$ cat entry_15.cif   # mmCIF, C-alpha atoms
data_entry
loop_
_atom_site.group_PDB
_atom_site.id
_atom_site.type_symbol
_atom_site.label_atom_id
_atom_site.label_comp_id
_atom_site.auth_asym_id
_atom_site.auth_seq_id
_atom_site.Cartn_x
_atom_site.Cartn_y
_atom_site.Cartn_z
ATOM 1 C CA MET N 10 -54.424 -32.816 34.545
ATOM 2 C CA LYS N 11 -51.340 -34.950 34.980
ATOM 3 C CA HIS N 12 -50.838 -35.024 31.226
ATOM 4 C CA SER N 13 -51.324 -31.237 31.028
ATOM 5 C CA PHE N 14 -48.831 -30.641 33.853
ATOM 6 C CA ALA N 15 -46.277 -32.971 32.260
ATOM 7 C CA ARG N 16 -46.707 -31.221 28.930
ATOM 8 C CA ARG N 17 -46.168 -27.799 30.514
ATOM 9 C CA GLN N 18 -43.043 -29.066 32.235
ATOM 10 C CA ALA N 19 -41.711 -30.472 28.961
ATOM 11 C CA LEU N 20 -42.381 -27.214 27.110
ATOM 12 C CA ARG N 21 -40.710 -25.262 29.912
ATOM 13 C CA GLY N 22 -37.682 -27.545 29.637
ATOM 14 C CA LEU N 23 -37.493 -27.017 25.888
ATOM 15 C CA ALA N 24 -37.695 -23.241 26.359
ATOM 16 C CA VAL N 25 -34.900 -23.292 28.936
ATOM 17 C CA ALA N 26 -32.767 -25.451 26.652
ATOM 18 C CA ALA N 27 -33.397 -23.114 23.699
ATOM 19 C CA LEU N 28 -32.507 -20.096 25.827
ATOM 20 C CA ALA N 29 -29.326 -21.764 27.013
ATOM 21 C CA SER N 30 -28.416 -22.694 23.460
ATOM 22 C CA SER N 31 -29.072 -19.127 22.325
ATOM 23 C CA SER N 32 -26.919 -17.786 25.166
ATOM 24 C CA LEU N 33 -24.103 -20.117 24.251
ATOM 25 C CA LEU N 34 -24.261 -19.039 20.619
ATOM 26 C CA SER N 35 -24.287 -15.373 21.643
ATOM 27 C CA ALA N 36 -21.320 -15.921 23.924
ATOM 28 C CA ALA N 37 -19.455 -17.750 21.177
ATOM 29 C CA HIS N 38 -20.200 -14.898 18.789
ATOM 30 C CA ALA N 39 -19.049 -12.353 21.363
ATOM 31 C CA ASP N 40 -15.791 -14.251 21.791
ATOM 32 C CA THR N 41 -15.152 -14.157 18.016
ATOM 33 C CA PRO N 42 -13.131 -11.015 17.259
ATOM 34 C CA ALA N 43 -14.218 -8.740 14.449
ATOM 35 C CA VAL N 44 -12.071 -8.973 11.340
ATOM 36 C CA LEU N 45 -9.991 -6.102 9.960
ATOM 37 C CA ARG N 46 -9.467 -6.738 6.248
ATOM 38 C CA VAL N 47 -6.200 -5.302 4.955
ATOM 39 C CA SER N 48 -4.373 -5.224 1.626
ATOM 40 C CA ALA N 49 -1.704 -3.269 -0.236
ATOM 41 C CA ILE N 50 -0.908 -2.238 -3.780
ATOM 42 C CA PRO N 51 1.237 -4.990 -5.338
ATOM 43 C CA ASP N 52 4.329 -2.858 -5.855
ATOM 44 C CA GLU N 53 6.563 -5.771 -4.840
ATOM 45 C CA ALA N 54 6.315 -9.558 -5.031
ATOM 46 C CA PRO N 55 3.346 -11.008 -3.045
ATOM 47 C CA THR N 56 5.660 -13.022 -0.795
ATOM 48 C CA GLU N 57 7.573 -9.859 0.107
ATOM 49 C CA LEU N 58 4.372 -7.964 0.889
ATOM 50 C CA GLN N 59 3.246 -10.780 3.194
ATOM 51 C CA ARG N 60 6.650 -10.884 4.919
ATOM 52 C CA LYS N 61 6.628 -7.127 5.495
ATOM 53 C CA PHE N 62 3.088 -7.049 6.839
ATOM 54 C CA LYS N 63 3.089 -10.054 9.203
ATOM 55 C CA PRO N 64 4.549 -8.392 12.355
ATOM 56 C CA LEU N 65 2.641 -5.164 11.656
ATOM 57 C CA GLY N 66 -0.581 -7.151 11.364
ATOM 58 C CA GLU N 67 0.054 -8.829 14.711
ATOM 59 C CA TYR N 68 0.728 -5.428 16.290
ATOM 60 C CA LEU N 69 -2.474 -3.925 14.855
ATOM 61 C CA SER N 70 -4.432 -6.945 16.076
ATOM 62 C CA GLN N 71 -3.202 -6.352 19.632
ATOM 63 C CA ALA N 72 -3.936 -2.625 19.378
ATOM 64 C CA THR N 73 -7.487 -3.030 18.067
ATOM 65 C CA GLY N 74 -8.571 -6.359 19.538
ATOM 66 C CA MET N 75 -9.511 -7.456 16.014
ATOM 67 C CA LYS N 76 -8.404 -10.360 13.868
ATOM 68 C CA VAL N 77 -6.269 -8.843 11.095
ATOM 69 C CA VAL N 78 -6.394 -10.605 7.729
ATOM 70 C CA PHE N 79 -4.033 -9.526 4.952
ATOM 71 C CA THR N 80 -5.089 -10.409 1.405
ATOM 72 C CA PRO N 81 -2.713 -9.708 -1.487
ATOM 73 C CA VAL N 82 -4.315 -8.615 -4.761
ATOM 74 C CA SER N 83 -3.347 -8.997 -8.403
ATOM 75 C CA ASP N 84 -3.200 -5.346 -9.425
ATOM 76 C CA TYR N 85 -3.485 -1.763 -8.232
ATOM 77 C CA ALA N 86 -7.062 -1.317 -9.464
ATOM 78 C CA ALA N 87 -8.230 -4.243 -7.333
ATOM 79 C CA VAL N 88 -7.169 -2.463 -4.127
ATOM 80 C CA VAL N 89 -9.066 0.685 -5.091
ATOM 81 C CA GLU N 90 -12.193 -1.252 -6.056
ATOM 82 C CA SER N 91 -12.091 -3.427 -2.928
ATOM 83 C CA LEU N 92 -11.812 -0.357 -0.715
ATOM 84 C CA ALA N 93 -14.724 1.279 -2.545
ATOM 85 C CA THR N 94 -16.945 -1.807 -2.305
ATOM 86 C CA ARG N 95 -16.209 -2.359 1.410
ATOM 87 C CA LYS N 96 -14.288 -5.590 0.834
ATOM 88 C CA LEU N 97 -11.288 -3.930 2.508
ATOM 89 C CA ASP N 98 -11.099 -1.821 5.656
ATOM 90 C CA LEU N 99 -7.485 -0.643 5.466
ATOM 91 C CA ALA N 100 -5.090 -0.415 2.536
ATOM 92 C CA TRP N 101 -1.489 0.575 1.883
ATOM 93 C CA LEU N 102 -1.728 2.896 -1.108
ATOM 94 C CA GLY N 103 0.625 4.928 -3.221
ATOM 95 C CA GLY N 104 -0.131 8.604 -3.645
ATOM 96 C CA PHE N 105 -1.752 8.151 -7.070
ATOM 97 C CA THR N 106 -3.686 5.073 -5.949
ATOM 98 C CA TYR N 107 -5.017 7.119 -3.030
ATOM 99 C CA VAL N 108 -6.172 9.831 -5.458
ATOM 100 C CA GLN N 109 -7.920 7.135 -7.522
ATOM 101 C CA ALA N 110 -9.516 5.732 -4.341
ATOM 102 C CA LYS N 111 -10.659 9.202 -3.303
ATOM 103 C CA ILE N 112 -12.350 9.693 -6.662
ATOM 104 C CA ARG N 113 -13.828 6.172 -6.743
ATOM 105 C CA THR N 114 -15.290 6.569 -3.220
ATOM 106 C CA ASN N 115 -16.612 10.085 -3.864
ATOM 107 C CA GLY N 116 -14.099 11.540 -1.444
ATOM 108 C CA THR N 117 -14.893 9.245 1.481
ATOM 109 C CA ALA N 118 -11.616 7.260 1.648
ATOM 110 C CA ILE N 119 -9.513 8.643 4.505
ATOM 111 C CA PRO N 120 -5.677 8.663 4.538
ATOM 112 C CA ILE N 121 -4.711 8.353 8.196
ATOM 113 C CA VAL N 122 -0.915 8.017 8.395
ATOM 114 C CA GLN N 123 2.212 7.942 6.283
ATOM 115 C CA ARG N 124 5.856 7.316 6.980
ATOM 116 C CA ALA N 125 7.950 10.431 7.547
ATOM 117 C CA GLU N 126 9.865 9.333 4.446
ATOM 118 C CA ASP N 127 6.706 9.573 2.327
ATOM 119 C CA ALA N 128 6.594 13.352 2.682
ATOM 120 C CA VAL N 129 9.908 13.632 0.806
ATOM 121 C CA PHE N 130 9.740 10.620 -1.487
ATOM 122 C CA THR N 131 11.821 10.221 -4.654
ATOM 123 C CA SER N 132 12.301 7.828 -7.567
ATOM 124 C CA LYS N 133 15.558 6.567 -9.066
ATOM 125 C CA PHE N 134 16.302 6.260 -12.782
ATOM 126 C CA ILE N 135 18.547 3.250 -13.364
ATOM 127 C CA THR N 136 20.516 1.760 -16.258
ATOM 128 C CA ALA N 137 23.178 -0.780 -17.134
ATOM 129 C CA ASP N 138 24.186 1.161 -20.252
ATOM 130 C CA PRO N 139 27.435 3.175 -19.791
ATOM 131 C CA ALA N 140 26.282 5.601 -22.493
ATOM 132 C CA ILE N 141 23.311 6.763 -20.437
ATOM 133 C CA LYS N 142 24.374 9.512 -18.068
ATOM 134 C CA THR N 143 21.456 11.976 -18.094
ATOM 135 C CA LEU N 144 17.734 11.938 -18.787
ATOM 136 C CA ALA N 145 18.419 13.416 -22.231
ATOM 137 C CA ASP N 146 20.386 10.256 -23.072
ATOM 138 C CA LEU N 147 17.157 8.234 -22.824
ATOM 139 C CA LYS N 148 16.067 9.373 -26.279
ATOM 140 C CA GLY N 149 15.851 6.390 -28.598
ATOM 141 C CA LYS N 150 16.308 3.912 -25.724
ATOM 142 C CA THR N 151 14.065 1.142 -24.408
ATOM 143 C CA PHE N 152 12.558 2.044 -21.038
ATOM 144 C CA ALA N 153 10.642 0.305 -18.228
ATOM 145 C CA PHE N 154 8.208 1.881 -15.806
ATOM 146 C CA GLY N 155 6.712 -0.122 -12.913
ATOM 147 C CA ALA N 156 2.917 -0.490 -12.867
ATOM 148 C CA PRO N 157 0.772 2.018 -14.823
ATOM 149 C CA SER N 158 -0.921 3.216 -11.593
ATOM 150 C CA SER N 159 2.299 3.388 -9.579
ATOM 151 C CA THR N 160 3.058 6.838 -8.175
ATOM 152 C CA SER N 161 6.802 6.341 -7.844
ATOM 153 C CA GLY N 162 7.258 3.826 -10.653
ATOM 154 C CA SER N 163 5.257 5.620 -13.316
ATOM 155 C CA LEU N 164 3.230 8.776 -12.640
ATOM 156 C CA MET N 165 5.745 11.077 -10.952
ATOM 157 C CA PRO N 166 8.776 9.967 -12.995
ATOM 158 C CA ARG N 167 6.677 10.523 -16.136
ATOM 159 C CA PHE N 168 5.667 13.966 -14.842
ATOM 160 C CA PHE N 169 9.283 14.961 -14.214
ATOM 161 C CA LEU N 170 10.374 13.562 -17.596
ATOM 162 C CA GLN N 171 7.758 15.765 -19.237
ATOM 163 C CA GLN N 172 9.049 18.756 -17.295
ATOM 164 C CA ASP N 173 12.457 17.972 -18.809
ATOM 165 C CA GLY N 174 10.901 18.028 -22.272
ATOM 166 C CA LEU N 175 10.760 14.249 -22.747
ATOM 167 C CA ASN N 176 7.664 12.396 -23.935
ATOM 168 C CA PRO N 177 8.240 8.682 -23.275
ATOM 169 C CA GLU N 178 5.915 7.448 -26.022
ATOM 170 C CA LYS N 179 7.493 9.736 -28.618
ATOM 171 C CA ASP N 180 11.106 9.992 -27.487
ATOM 172 C CA PHE N 181 11.870 6.473 -26.252
ATOM 173 C CA LYS N 182 12.291 3.514 -28.588
ATOM 174 C CA THR N 183 9.838 1.429 -26.548
ATOM 175 C CA VAL N 184 8.006 1.802 -23.237
ATOM 176 C CA ALA N 185 7.271 -1.250 -21.091
ATOM 177 C CA TYR N 186 5.577 -1.749 -17.714
ATOM 178 C CA SER N 187 7.261 -4.303 -15.458
ATOM 179 C CA GLY N 188 4.388 -4.353 -12.928
ATOM 180 C CA ALA N 189 6.508 -3.812 -9.792
ATOM 181 C CA HIS N 190 9.616 -1.978 -8.598
ATOM 182 C CA ASP N 191 11.759 -5.067 -8.047
ATOM 183 C CA ALA N 192 10.675 -6.351 -11.471
ATOM 184 C CA THR N 193 11.919 -3.109 -13.077
ATOM 185 C CA VAL N 194 15.409 -3.744 -11.684
ATOM 186 C CA ALA N 195 15.249 -7.292 -13.058
ATOM 187 C CA PHE N 196 14.223 -5.916 -16.477
ATOM 188 C CA VAL N 197 17.197 -3.560 -16.612
ATOM 189 C CA ALA N 198 19.659 -6.115 -15.223
ATOM 190 C CA ALA N 199 18.554 -8.676 -17.826
ATOM 191 C CA GLY N 200 18.740 -6.210 -20.707
ATOM 192 C CA LYS N 201 14.979 -6.230 -21.331
ATOM 193 C CA ALA N 202 15.114 -2.453 -21.016
ATOM 194 C CA GLU N 203 18.079 -0.119 -21.374
ATOM 195 C CA ALA N 204 16.802 2.022 -18.497
ATOM 196 C CA GLY N 205 13.979 2.131 -15.991
ATOM 197 C CA VAL N 206 12.658 3.847 -12.899
ATOM 198 C CA LEU N 207 11.602 2.690 -9.431
ATOM 199 C CA ASN N 208 11.072 4.146 -5.997
ATOM 200 C CA THR N 209 14.092 4.972 -3.875
ATOM 201 C CA SER N 210 12.954 2.874 -0.904
ATOM 202 C CA VAL N 211 12.831 -0.378 -2.888
ATOM 203 C CA TRP N 212 16.099 0.450 -4.660
ATOM 204 C CA ASP N 213 17.847 1.019 -1.315
ATOM 205 C CA LYS N 214 16.428 -2.229 0.059
ATOM 206 C CA LEU N 215 17.613 -4.219 -2.962
ATOM 207 C CA VAL N 216 21.084 -2.681 -2.676
ATOM 208 C CA GLU N 217 21.293 -3.370 1.075
ATOM 209 C CA SER N 218 20.211 -6.987 0.608
ATOM 210 C CA LYS N 219 22.636 -7.387 -2.315
ATOM 211 C CA LYS N 220 19.817 -8.359 -4.677
ATOM 212 C CA VAL N 221 21.144 -5.996 -7.335
ATOM 213 C CA ASP N 222 24.660 -5.854 -8.732
ATOM 214 C CA THR N 223 25.518 -2.152 -8.523
ATOM 215 C CA SER N 224 28.654 -2.702 -10.596
ATOM 216 C CA LYS N 225 26.282 -3.311 -13.508
ATOM 217 C CA VAL N 226 23.020 -1.542 -12.676
ATOM 218 C CA ARG N 227 23.414 2.026 -11.432
ATOM 219 C CA VAL N 228 21.401 5.140 -10.611
ATOM 220 C CA PHE N 229 21.940 8.004 -13.045
ATOM 221 C CA ALA N 230 19.187 10.441 -11.972
ATOM 222 C CA THR N 231 16.843 11.096 -9.049
ATOM 223 C CA THR N 232 13.512 12.924 -9.167
ATOM 224 C CA PRO N 233 12.585 15.932 -7.016
ATOM 225 C CA THR N 234 10.625 15.058 -3.856
ATOM 226 C CA TYR N 235 6.874 14.420 -3.684
ATOM 227 C CA PHE N 236 4.302 12.892 -1.301
ATOM 228 C CA ASP N 237 3.710 9.188 -1.763
ATOM 229 C CA TYR N 238 2.504 6.184 0.258
ATOM 230 C CA ASN N 239 -0.107 6.191 3.024
ATOM 231 C CA TRP N 240 -2.422 3.921 4.977
ATOM 232 C CA THR N 241 -6.026 4.639 4.003
ATOM 233 C CA VAL N 242 -9.287 3.440 5.584
ATOM 234 C CA ARG N 243 -12.680 3.169 3.947
ATOM 235 C CA GLY N 244 -14.825 6.151 4.830
ATOM 236 C CA ASP N 245 -17.552 4.293 6.718
ATOM 237 C CA LEU N 246 -15.241 2.316 8.991
ATOM 238 C CA ASP N 247 -16.199 2.673 12.672
ATOM 239 C CA PRO N 248 -14.554 5.932 13.896
ATOM 240 C CA ALA N 249 -13.486 4.163 17.102
ATOM 241 C CA ILE N 250 -11.510 1.638 15.027
ATOM 242 C CA VAL N 251 -10.009 4.415 12.898
ATOM 243 C CA LYS N 252 -8.898 6.173 16.078
ATOM 244 C CA LYS N 253 -7.279 2.980 17.420
ATOM 245 C CA LEU N 254 -5.493 2.306 14.131
ATOM 246 C CA THR N 255 -4.179 5.853 13.874
ATOM 247 C CA ALA N 256 -2.979 5.831 17.487
ATOM 248 C CA ALA N 257 -1.295 2.451 16.977
ATOM 249 C CA PHE N 258 0.710 3.655 13.980
ATOM 250 C CA LEU N 259 1.703 6.908 15.678
ATOM 251 C CA ALA N 260 2.768 5.004 18.802
ATOM 252 C CA LEU N 261 5.378 2.935 16.943
ATOM 253 C CA ASP N 262 8.726 3.850 18.472
ATOM 254 C CA PRO N 263 12.020 2.649 16.962
ATOM 255 C CA SER N 264 13.684 2.845 20.386
ATOM 256 C CA LYS N 265 11.588 -0.182 21.388
ATOM 257 C CA PRO N 266 13.060 -3.399 19.917
ATOM 258 C CA GLU N 267 9.646 -4.939 19.221
ATOM 259 C CA HIS N 268 8.609 -1.799 17.355
ATOM 260 C CA LYS N 269 11.912 -1.390 15.512
ATOM 261 C CA ALA N 270 11.489 -4.793 13.864
ATOM 262 C CA ILE N 271 8.127 -3.681 12.469
ATOM 263 C CA MET N 272 9.423 -0.312 11.320
ATOM 264 C CA ASP N 273 12.516 -1.753 9.686
ATOM 265 C CA LEU N 274 10.319 -3.962 7.523
ATOM 266 C CA GLN N 275 8.169 -0.945 6.674
ATOM 267 C CA ARG N 276 11.331 1.111 6.046
ATOM 268 C CA ALA N 277 9.951 3.801 8.334
ATOM 269 C CA SER N 278 11.788 6.035 10.808
ATOM 270 C CA LYS N 279 8.371 6.962 12.219
ATOM 271 C CA PHE N 280 4.747 7.305 11.179
ATOM 272 C CA ILE N 281 3.116 10.725 11.002
ATOM 273 C CA ALA N 282 -0.469 11.879 10.503
ATOM 274 C CA THR N 283 -1.414 12.723 6.935
ATOM 275 C CA ASP N 284 -4.227 14.476 5.125
ATOM 276 C CA SER N 285 -5.936 14.344 1.749
ATOM 277 C CA LYS N 286 -4.547 17.747 0.740
ATOM 278 C CA ASN N 287 -1.011 16.319 0.784
ATOM 279 C CA TYR N 288 -1.900 14.493 -2.425
ATOM 280 C CA ASP N 289 -3.286 17.469 -4.350
ATOM 281 C CA GLY N 290 0.046 17.775 -6.162
ATOM 282 C CA ILE N 291 -0.135 14.159 -7.304
ATOM 283 C CA GLU N 292 -3.696 14.649 -8.541
ATOM 284 C CA ALA N 293 -2.517 17.692 -10.522
ATOM 285 C CA ALA N 294 0.397 15.689 -11.957
ATOM 286 C CA ALA N 295 -1.975 12.888 -12.989
ATOM 287 C CA LYS N 296 -4.204 15.386 -14.796
ATOM 288 C CA SER N 297 -1.174 16.968 -16.453
ATOM 289 C CA ALA N 298 -0.026 13.528 -17.643
ATOM 290 C CA GLY N 299 -3.498 12.789 -19.021
ATOM 291 C CA LEU N 300 -4.115 9.981 -16.520
ATOM 292 C CA LEU N 301 -7.063 11.742 -14.901
ATOM 293 C CA LYS N 302 -9.698 13.968 -16.455
#
$ encode --input "entry_15.cif" --output "structure tokens"
Amino acid sequence: MKHSFARRQALRGLAVAALASSSLLSAAHADTPAVLRVSAIPDEAPTELQRKFKPLGEYLSQATGMKVVFTPVSDYAAVVESLATRKLDLAWLGGFTYVQAKIRTNGTAIPIVQRAEDAVFTSKFITADPAIKTLADLKGKTFAFGAPSSTSGSLMPRFFLQQDGLNPEKDFKTVAYSGAHDATVAFVAAGKAEAGVLNTSVWDKLVESKKVDTSKVRVFATTPTYFDYNWTVRGDLDPAIVKKLTAAFLALDPSKPEHKAIMDLQRASKFIATDSKNYDGIEAAAKSAGLLK
């Protein structure tokens, strides 16, 4: 009997210890914040993307209670695929990349916000050649787009060139793809291309930071306006998280110093709600350019 009682006591002790251990593990798990996985199309150098996102990531972490992890990717397609395969929760996309994500996710990717500037976005055609004054002067010249999937560095400029009766592959001497907006400026400045095109926001930033010599490289044409960048979430992200993210972006107020620092890096006067239909024009342009079937 004594042995039986001692055995029962020992088993009870083991059970209590196991329960305590389980409780501790559960508590530890509960204290570990969920992770929000974020990325962006690589339209600028990876170091610049990280620099721009850092304070925004900290702000979104406070707003959602989640650990925000930003992971740069090698190309535009990787962002679309990662969003579609649930490896990303939130992504900064260009208008065309969003259209690609919408198609790849069978319409489930959700654009939640854009900068006010993205509703009236433009691209700048640049050159260091004094002989180039209009788009017509590009005939027979070497030309650099950004990345093939870039809305503002490729798709929309190509669309507007076609509307002006220019076919880059037929009318230009050569067509190159620099891979990013800042790289396009470097191409033109170094004489690797006689002209190129990039988005207005990056051009303005490079001019303001004196990273381009405007006495040599200049703007000679600007496109009409179009919708561009947005923040998109994967379609099956928890609606409560989507609501928090949307509210956090819309709450950014440039009159608050801590918010202004974030918005300056994002080159945003304010964030506004957006909708998939805003990008119907870009989808039509992509089909017209033969980039979508």
$ closest_atom_pairs --input "entry_15.cif" --of "range 134-239 of chain N" --to "range 270-287 of chain N" --cutoff "10 Å" --atoms "only C-alpha atoms" --output "CSV"
residue,atom,partner,partner_atom,distance
N:Ser210,CA,N:Arg276,CA,7.4
N:Val211,CA,N:Arg276,CA,9.2
N:Asp213,CA,N:Arg276,CA,9.8
N:Lys214,CA,N:Arg276,CA,8.5
N:Tyr235,CA,N:Asn287,CA,9.3
N:Phe236,CA,N:Asn287,CA,6.7
N:Asp237,CA,N:Asn287,CA,8.9
N:Asn239,CA,N:Thr283,CA,7.7
$ closest_residue --input "entry_15.cif" --among "N:Ala298, N:Ala54, N:Ala204, N:Ala43" --to "Thr136 in chain N" --atoms "only C-alpha atoms"
N:Ala204
$ closest_residue --input "entry_15.cif" --among "N:Gly66, N:Ala137, N:Asp52, N:Thr80" --to "Pro157 in chain N" --atoms "only C-alpha atoms"
N:Asp52
$ residues_around --input "entry_15.cif" --residues "Ala145 in chain N" --least-positions-apart "4" --cutoff "9 Å" --atoms "all atoms listed in the file" --output "PyMOL selection string"
chain N and resi 141+173-175
$ resolve_selection --input "entry_15.cif" --expression "the PyMOL selection byres ((chain N and resi 252-261) around 7)" --output "list in words"
Leu69, Ala72, Thr73, Ile121, Val122, Pro248, Ala249, Ile250, Val251, Asp262, Pro263, His268, Lys279, Phe280 and Ile281 of chain N
$ residues_around --input "entry_15.cif" --residues "range 85-89 of chain N" --least-positions-apart "5" --cutoff "10 Å" --atoms "all atoms listed in the file" --output "number ranges by chain"
N: 47-52, 80, 94, 96-97, 99-103, 106-114, 118, 156-159, 188
$ closest_residue --input "entry_15.cif" --among "N:Phe154, N:Leu246, N:Lys76, N:Lys296" --to "Arg167 in chain N" --atoms "only C-alpha atoms"
N:Phe154
$ atom_distance --input "entry_15.cif" --atom1 "CA of Pro177 in chain N" --atom2 "CA of Lys150 in chain N"
9.7 Å
$ residues_near_point --input "entry_15.cif" --point "(11.5, 6.1, -13.0)" --cutoff "6 Å" --atoms "all atoms listed in the file" --output "list in words"
Ser132, Lys133, Phe134, Gly162, Pro166, Gly205, Val206 and Leu207 of chain N
$ write_last_selection --input "entry_15.cif" --atoms "C-alpha atoms" --output "PDB file, in the coordinates of the input"
ATOM      1  CA  SER N 132      12.301   7.828  -7.567  1.00  0.00           C
ATOM      2  CA  LYS N 133      15.558   6.567  -9.066  1.00  0.00           C
ATOM      3  CA  PHE N 134      16.302   6.260 -12.782  1.00  0.00           C
ATOM      4  CA  GLY N 162       7.258   3.826 -10.653  1.00  0.00           C
ATOM      5  CA  PRO N 166       8.776   9.967 -12.995  1.00  0.00           C
ATOM      6  CA  GLY N 205      13.979   2.131 -15.991  1.00  0.00           C
ATOM      7  CA  VAL N 206      12.658   3.847 -12.899  1.00  0.00           C
ATOM      8  CA  LEU N 207      11.602   2.690  -9.431  1.00  0.00           C
TER       9      LEU N 207
END
$ resolve_selection --input "entry_15.cif" --expression "the PyMOL selection byres ((chain N and resi 185) around 10)" --output "list in words"
Thr151, Phe152, Ala153, Phe154, Gly155, Ala156, Pro157, Thr183, Val184, Tyr186, Ser187, Gly188, Thr193, Phe196, Lys201, Ala202 and Gly205 of chain N
$ write_last_selection --input "entry_15.cif" --atoms "C-alpha atoms" --output "PDB file, keeping the file's coordinate frame"
ATOM      1  CA  THR N 151      14.065   1.142 -24.408  1.00  0.00           C
ATOM      2  CA  PHE N 152      12.558   2.044 -21.038  1.00  0.00           C
ATOM      3  CA  ALA N 153      10.642   0.305 -18.228  1.00  0.00           C
ATOM      4  CA  PHE N 154       8.208   1.881 -15.806  1.00  0.00           C
ATOM      5  CA  GLY N 155       6.712  -0.122 -12.913  1.00  0.00           C
ATOM      6  CA  ALA N 156       2.917  -0.490 -12.867  1.00  0.00           C
ATOM      7  CA  PRO N 157       0.772   2.018 -14.823  1.00  0.00           C
ATOM      8  CA  THR N 183       9.838   1.429 -26.548  1.00  0.00           C
ATOM      9  CA  VAL N 184       8.006   1.802 -23.237  1.00  0.00           C
ATOM     10  CA  TYR N 186       5.577  -1.749 -17.714  1.00  0.00           C
ATOM     11  CA  SER N 187       7.261  -4.303 -15.458  1.00  0.00           C
ATOM     12  CA  GLY N 188       4.388  -4.353 -12.928  1.00  0.00           C
ATOM     13  CA  THR N 193      11.919  -3.109 -13.077  1.00  0.00           C
ATOM     14  CA  PHE N 196      14.223  -5.916 -16.477  1.00  0.00           C
ATOM     15  CA  LYS N 201      14.979  -6.230 -21.331  1.00  0.00           C
ATOM     16  CA  ALA N 202      15.114  -2.453 -21.016  1.00  0.00           C
ATOM     17  CA  GLY N 205      13.979   2.131 -15.991  1.00  0.00           C
TER      18      GLY N 205
END
